[in-house]
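*Asks:* Pasting work_2.pdb here (PDB, C-alpha atoms):
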```
MODEL        1
ATOM      1  CA  MET O   1      85.948  60.989 146.005  1.00  0.00           C
ATOM      2  CA  ALA O   2      85.187  62.547 142.623  1.00  0.00           C
ATOM      3  CA  LEU O   3      84.246  60.441 139.665  1.00  0.00           C
ATOM      4  CA  PRO O   4      86.603  60.671 136.683  1.00  0.00           C
ATOM      5  CA  GLN O   5      85.137  62.582 133.773  1.00  0.00           C
ATOM      6  CA  THR O   6      86.317  62.690 130.210  1.00  0.00           C
ATOM      7  CA  LEU O   7      87.351  66.053 128.876  1.00  0.00           C
ATOM      8  CA  GLN O   8      87.059  66.830 125.194  1.00  0.00           C
ATOM      9  CA  VAL O   9      89.803  69.168 123.958  1.00  0.00           C
ATOM     10  CA  TYR O  10      89.284  70.720 120.552  1.00  0.00           C
ATOM     11  CA  ASP O  11      92.196  71.565 118.291  1.00  0.00           C
ATOM     12  CA  ALA O  12      92.476  75.349 118.090  1.00  0.00           C
ATOM     13  CA  GLY O  13      94.333  75.157 114.784  1.00  0.00           C
ATOM     14  CA  THR O  14      91.323  73.973 112.809  1.00  0.00           C
ATOM     15  CA  HIS O  15      89.307  77.124 113.451  1.00  0.00           C
ATOM     16  CA  ARG O  16      90.282  80.132 111.352  1.00  0.00           C
ATOM     17  CA  ALA O  17      89.509  83.581 112.692  1.00  0.00           C
ATOM     18  CA  GLN O  18      87.804  86.009 110.339  1.00  0.00           C
ATOM     19  CA  PRO O  19      89.978  89.030 109.485  1.00  0.00           C
ATOM     20  CA  ALA O  20      88.752  92.091 111.356  1.00  0.00           C
ATOM     21  CA  SER O  21      87.225  94.869 109.304  1.00  0.00           C
ATOM     22  CA  HIS O  22      88.550  98.330 110.138  1.00  0.00           C
ATOM     23  CA  HIS O  23      86.052 100.272 108.019  1.00  0.00           C
ATOM     24  CA  ASN O  24      83.911 101.083 111.029  1.00  0.00           C
ATOM     25  CA  VAL O  25      86.727 102.588 113.133  1.00  0.00           C
ATOM     26  CA  ILE O  26      86.254 106.289 113.836  1.00  0.00           C
ATOM     27  CA  PRO O  27      89.343 108.161 115.086  1.00  0.00           C
ATOM     28  CA  PHE O  28      88.684 110.296 118.133  1.00  0.00           C
ATOM     29  CA  PRO O  29      90.018 113.847 118.177  1.00  0.00           C
ATOM     30  CA  SER O  30      93.460 114.034 119.683  1.00  0.00           C
ATOM     31  CA  PRO O  31      93.625 115.307 123.233  1.00  0.00           C
ATOM     32  CA  ARG O  32      97.141 116.600 122.533  1.00  0.00           C
ATOM     33  CA  VAL O  33      98.075 120.175 121.719  1.00  0.00           C
ATOM     34  CA  LEU O  34     100.962 121.919 119.981  1.00  0.00           C
ATOM     35  CA  LEU O  35     102.873 124.628 121.807  1.00  0.00           C
ATOM     36  CA  PRO O  36     104.981 126.814 119.479  1.00  0.00           C
ATOM     37  CA  VAL O  37     108.207 128.122 121.012  1.00  0.00           C
ATOM     38  CA  THR O  38     110.824 130.448 119.535  1.00  0.00           C
ATOM     39  CA  LEU O  39     114.342 130.362 120.925  1.00  0.00           C
ATOM     40  CA  LEU O  40     116.017 133.751 120.571  1.00  0.00           C
ATOM     41  CA  GLY O  41     119.770 133.926 120.244  1.00  0.00           C
ATOM     42  CA  ASP O  42     122.438 136.516 119.547  1.00  0.00           C
ATOM     43  CA  SER O  43     123.688 134.364 116.678  1.00  0.00           C
ATOM     44  CA  GLU O  44     122.786 131.151 114.900  1.00  0.00           C
ATOM     45  CA  ARG O  45     125.377 129.327 117.000  1.00  0.00           C
ATOM     46  CA  ASP O  46     123.742 130.619 120.203  1.00  0.00           C
ATOM     47  CA  ALA O  47     120.268 129.573 119.011  1.00  0.00           C
ATOM     48  CA  ARG O  48     121.534 126.097 118.113  1.00  0.00           C
ATOM     49  CA  ALA O  49     123.176 125.790 121.552  1.00  0.00           C
ATOM     50  CA  GLN O  50     119.820 126.586 123.177  1.00  0.00           C
ATOM     51  CA  LEU O  51     118.140 123.969 120.976  1.00  0.00           C
ATOM     52  CA  LYS O  52     120.763 121.408 121.944  1.00  0.00           C
ATOM     53  CA  SER O  53     120.219 122.062 125.650  1.00  0.00           C
ATOM     54  CA  LEU O  54     116.443 121.800 125.165  1.00  0.00           C
ATOM     55  CA  LEU O  55     116.731 118.481 123.303  1.00  0.00           C
ATOM     56  CA  HIS O  56     118.889 117.050 126.103  1.00  0.00           C
ATOM     57  CA  SER O  57     116.427 118.183 128.793  1.00  0.00           C
ATOM     58  CA  PRO O  58     113.231 116.343 129.818  1.00  0.00           C
ATOM     59  CA  LEU O  59     111.353 118.559 127.338  1.00  0.00           C
ATOM     60  CA  GLY O  60     113.296 117.066 124.430  1.00  0.00           C
ATOM     61  CA  VAL O  61     110.811 114.213 124.066  1.00  0.00           C
ATOM     62  CA  TYR O  62     108.026 116.693 123.267  1.00  0.00           C
ATOM     63  CA  VAL O  63     109.807 118.385 120.323  1.00  0.00           C
ATOM     64  CA  VAL O  64     108.145 117.408 117.032  1.00  0.00           C
ATOM     65  CA  SER O  65     109.534 120.003 114.606  1.00  0.00           C
ATOM     66  CA  THR O  66     112.355 122.533 114.460  1.00  0.00           C
ATOM     67  CA  GLU O  67     113.308 125.258 112.019  1.00  0.00           C
ATOM     68  CA  VAL O  68     116.415 127.436 112.256  1.00  0.00           C
ATOM     69  CA  VAL O  69     115.936 130.940 110.822  1.00  0.00           C
ATOM     70  CA  HIS O  70     119.032 133.158 111.167  1.00  0.00           C
ATOM     71  CA  ASP O  71     119.489 133.641 114.916  1.00  0.00           C
ATOM     72  CA  HIS O  72     116.124 132.118 115.929  1.00  0.00           C
ATOM     73  CA  VAL O  73     114.884 128.547 116.290  1.00  0.00           C
ATOM     74  CA  HIS O  74     111.173 127.890 115.831  1.00  0.00           C
ATOM     75  CA  LEU O  75     109.945 124.614 117.295  1.00  0.00           C
ATOM     76  CA  ASP O  76     106.707 122.873 118.214  1.00  0.00           C
ATOM     77  CA  LEU O  77     106.152 120.866 121.371  1.00  0.00           C
ATOM     78  CA  ASP O  78     103.500 118.133 121.200  1.00  0.00           C
ATOM     79  CA  ILE O  79     102.104 117.846 124.717  1.00  0.00           C
ATOM     80  CA  ALA O  80      99.094 116.492 126.554  1.00  0.00           C
ATOM     81  CA  PRO O  81      97.009 119.132 128.337  1.00  0.00           C
ATOM     82  CA  ASP O  82      97.909 117.476 131.649  1.00  0.00           C
ATOM     83  CA  ASP O  83     101.606 118.186 130.964  1.00  0.00           C
ATOM     84  CA  LEU O  84     101.100 121.904 130.292  1.00  0.00           C
ATOM     85  CA  ASP O  85     102.011 123.014 133.829  1.00  0.00           C
ATOM     86  CA  PHE O  86     105.238 120.986 133.829  1.00  0.00           C
ATOM     87  CA  THR O  87     106.119 122.137 130.314  1.00  0.00           C
ATOM     88  CA  MET O  88     105.621 125.825 131.070  1.00  0.00           C
ATOM     89  CA  HIS O  89     107.591 125.609 134.319  1.00  0.00           C
ATOM     90  CA  ALA O  90     110.459 123.740 132.649  1.00  0.00           C
ATOM     91  CA  LEU O  91     110.565 126.160 129.694  1.00  0.00           C
ATOM     92  CA  ILE O  92     110.581 129.262 131.869  1.00  0.00           C
ATOM     93  CA  THR O  93     113.282 127.952 134.198  1.00  0.00           C
ATOM     94  CA  SER O  94     115.582 126.464 131.551  1.00  0.00           C
ATOM     95  CA  LEU O  95     115.094 128.990 128.704  1.00  0.00           C
ATOM     96  CA  PRO O  96     113.865 132.270 130.247  1.00  0.00           C
ATOM     97  CA  TYR O  97     114.237 134.261 126.994  1.00  0.00           C
ATOM     98  CA  ALA O  98     112.208 131.872 124.841  1.00  0.00           C
ATOM     99  CA  MET O  99     109.010 133.216 123.300  1.00  0.00           C
ATOM    100  CA  ILE O 100     106.078 130.906 124.010  1.00  0.00           C
ATOM    101  CA  GLY O 101     103.224 131.041 121.521  1.00  0.00           C
ATOM    102  CA  PRO O 102      99.521 130.185 121.846  1.00  0.00           C
ATOM    103  CA  LEU O 103      98.335 126.588 122.223  1.00  0.00           C
ATOM    104  CA  ARG O 104      96.924 124.974 119.095  1.00  0.00           C
ATOM    105  CA  ARG O 105      94.959 121.770 118.749  1.00  0.00           C
ATOM    106  CA  ARG O 106      96.840 119.030 117.018  1.00  0.00           C
ATOM    107  CA  ASN O 107      95.379 118.307 113.571  1.00  0.00           C
ATOM    108  CA  ALA O 108      93.428 115.027 113.830  1.00  0.00           C
ATOM    109  CA  SER O 109      93.607 114.381 110.063  1.00  0.00           C
ATOM    110  CA  LYS O 110      97.401 113.905 110.261  1.00  0.00           C
ATOM    111  CA  GLU O 111      96.980 111.229 112.950  1.00  0.00           C
ATOM    112  CA  ALA O 112      94.387 109.253 111.004  1.00  0.00           C
ATOM    113  CA  ARG O 113      96.861 108.476 108.227  1.00  0.00           C
TER     114      ARG O 113
ENDMDL
END
```
What's the structure tokens form of this structure?
*Replies:*
Amino acid sequence: MALPQTLQVYDAGTHRAQPASHHNVIPFPSPRVLLPVTLLGDSERDARAQLKSLLHSPLGVYVVSTEVVHDHVHLDLDIAPDDLDFTMHALITSLPYAMIGPLRRRNASKEAR
């Protein structure tokens, strides 16, 4: 049989935590990349229809910017390098006439803000 022992419980409300200082936080470079894509259409209406189908596809979550210029739509996809294979396959199968540009690193200074 165990002997009863007294247990001292301290009130957690009396201790105030020091506010954390964030001056020593260094942002790591982003592992994400931007993939520029241009959707080519016969008219502005056709280009917008392609954009609409892209936004309603699984690739729609990667779109970070769009710009409609006459019968073209320029857009950027923000992807992780691990998703590049899926992204390329999905783009080629769903929009075979899209022009895919070179990968660019995402600017880390925009993320630090």
*Asks:* Scan for residues within 12 Å of the point (108.8, 122.2, 116.5) in the coordinates of the file, using only C-alpha atoms, and reply as an MDAnalysis selection string.
*Replies:* chainID O and resid 34:39 51 54:55 59:68 73:79 100:101
*Asks:* Of the residues O:Leu91, O:His70, O:Pro102, O:Phe86, which is the one nearest to Ala47 of chain O, using all atoms listed in the file?
*Replies:*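 Among the listed residues, the smallest separation from Ala47 of chain O belongs to O:His70.
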*Asks:* Point out the residue among O:Arg104, O:His72, O:Lys52, O:His89 with the least atom-to-atom distance to Val33 of chain O, counting all atoms listed in the file.
*Replies:*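 For Val33 of chain O, the nearest of the candidates is O:Arg104.
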*Asks:* To one decimal place in Å, what is the distance between atom CA of Leu84 of chain O and atom CA of Asn107 of chain O?
*Replies:* 18.0 Å
*Asks:* Quote the spacing between atom CA of Ala98 of chain O and atom CA of Gln50 of chain O in Å to one decimal place.
*Replies:*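 Computing it gives 9.4 Å between the two atoms.
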*Asks:* Compare O:Gln5, O:Pro81, O:Asp71, O:Ser94 by their minimum atom-to-atom distance to Ser57 of chain O, counting all atoms listed in the file, and give me the closest one.
*Replies:*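 Of all the options, O:Ser94 lies closest to Ser57 of chain O.
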*Asks:* How many Å separate atom CA of Asp46 of chain O from atom CA of Asp83 of chain O?
*Replies:* 27.6 Å
*Asks:* If the PyMOL selection byres ((chain O and resi 31) around 9) is run on the structure shown, which residues does it catch, given as a ChimeraX atom specification?
*Replies:* /O:28-30,32-33,79-81,105-106
*Asks:* Point out the residue among O:Pro58, O:Ser43, O:Val69, O:Gln8 with the least atom-to-atom distance to Thr87 of chain O, counting all atoms listed in the file.
*Replies:*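 Comparing O:Pro58, O:Ser43, O:Val69, O:Gln8 against Thr87 of chain O, the winner is O:Pro58.
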*Asks:* Go ahead and fit an axis-aligned box to every listed atom of segment 86-97 of chain O plus 4 Å each side, and pass me the centre and edge lengths in Å, one decimal, as JSON.
*Replies:*
```
{"center_x": 110.4, "center_y": 127.6, "center_z": 130.7, "size_x": 18.3, "size_y": 21.3, "size_z": 15.3}
```
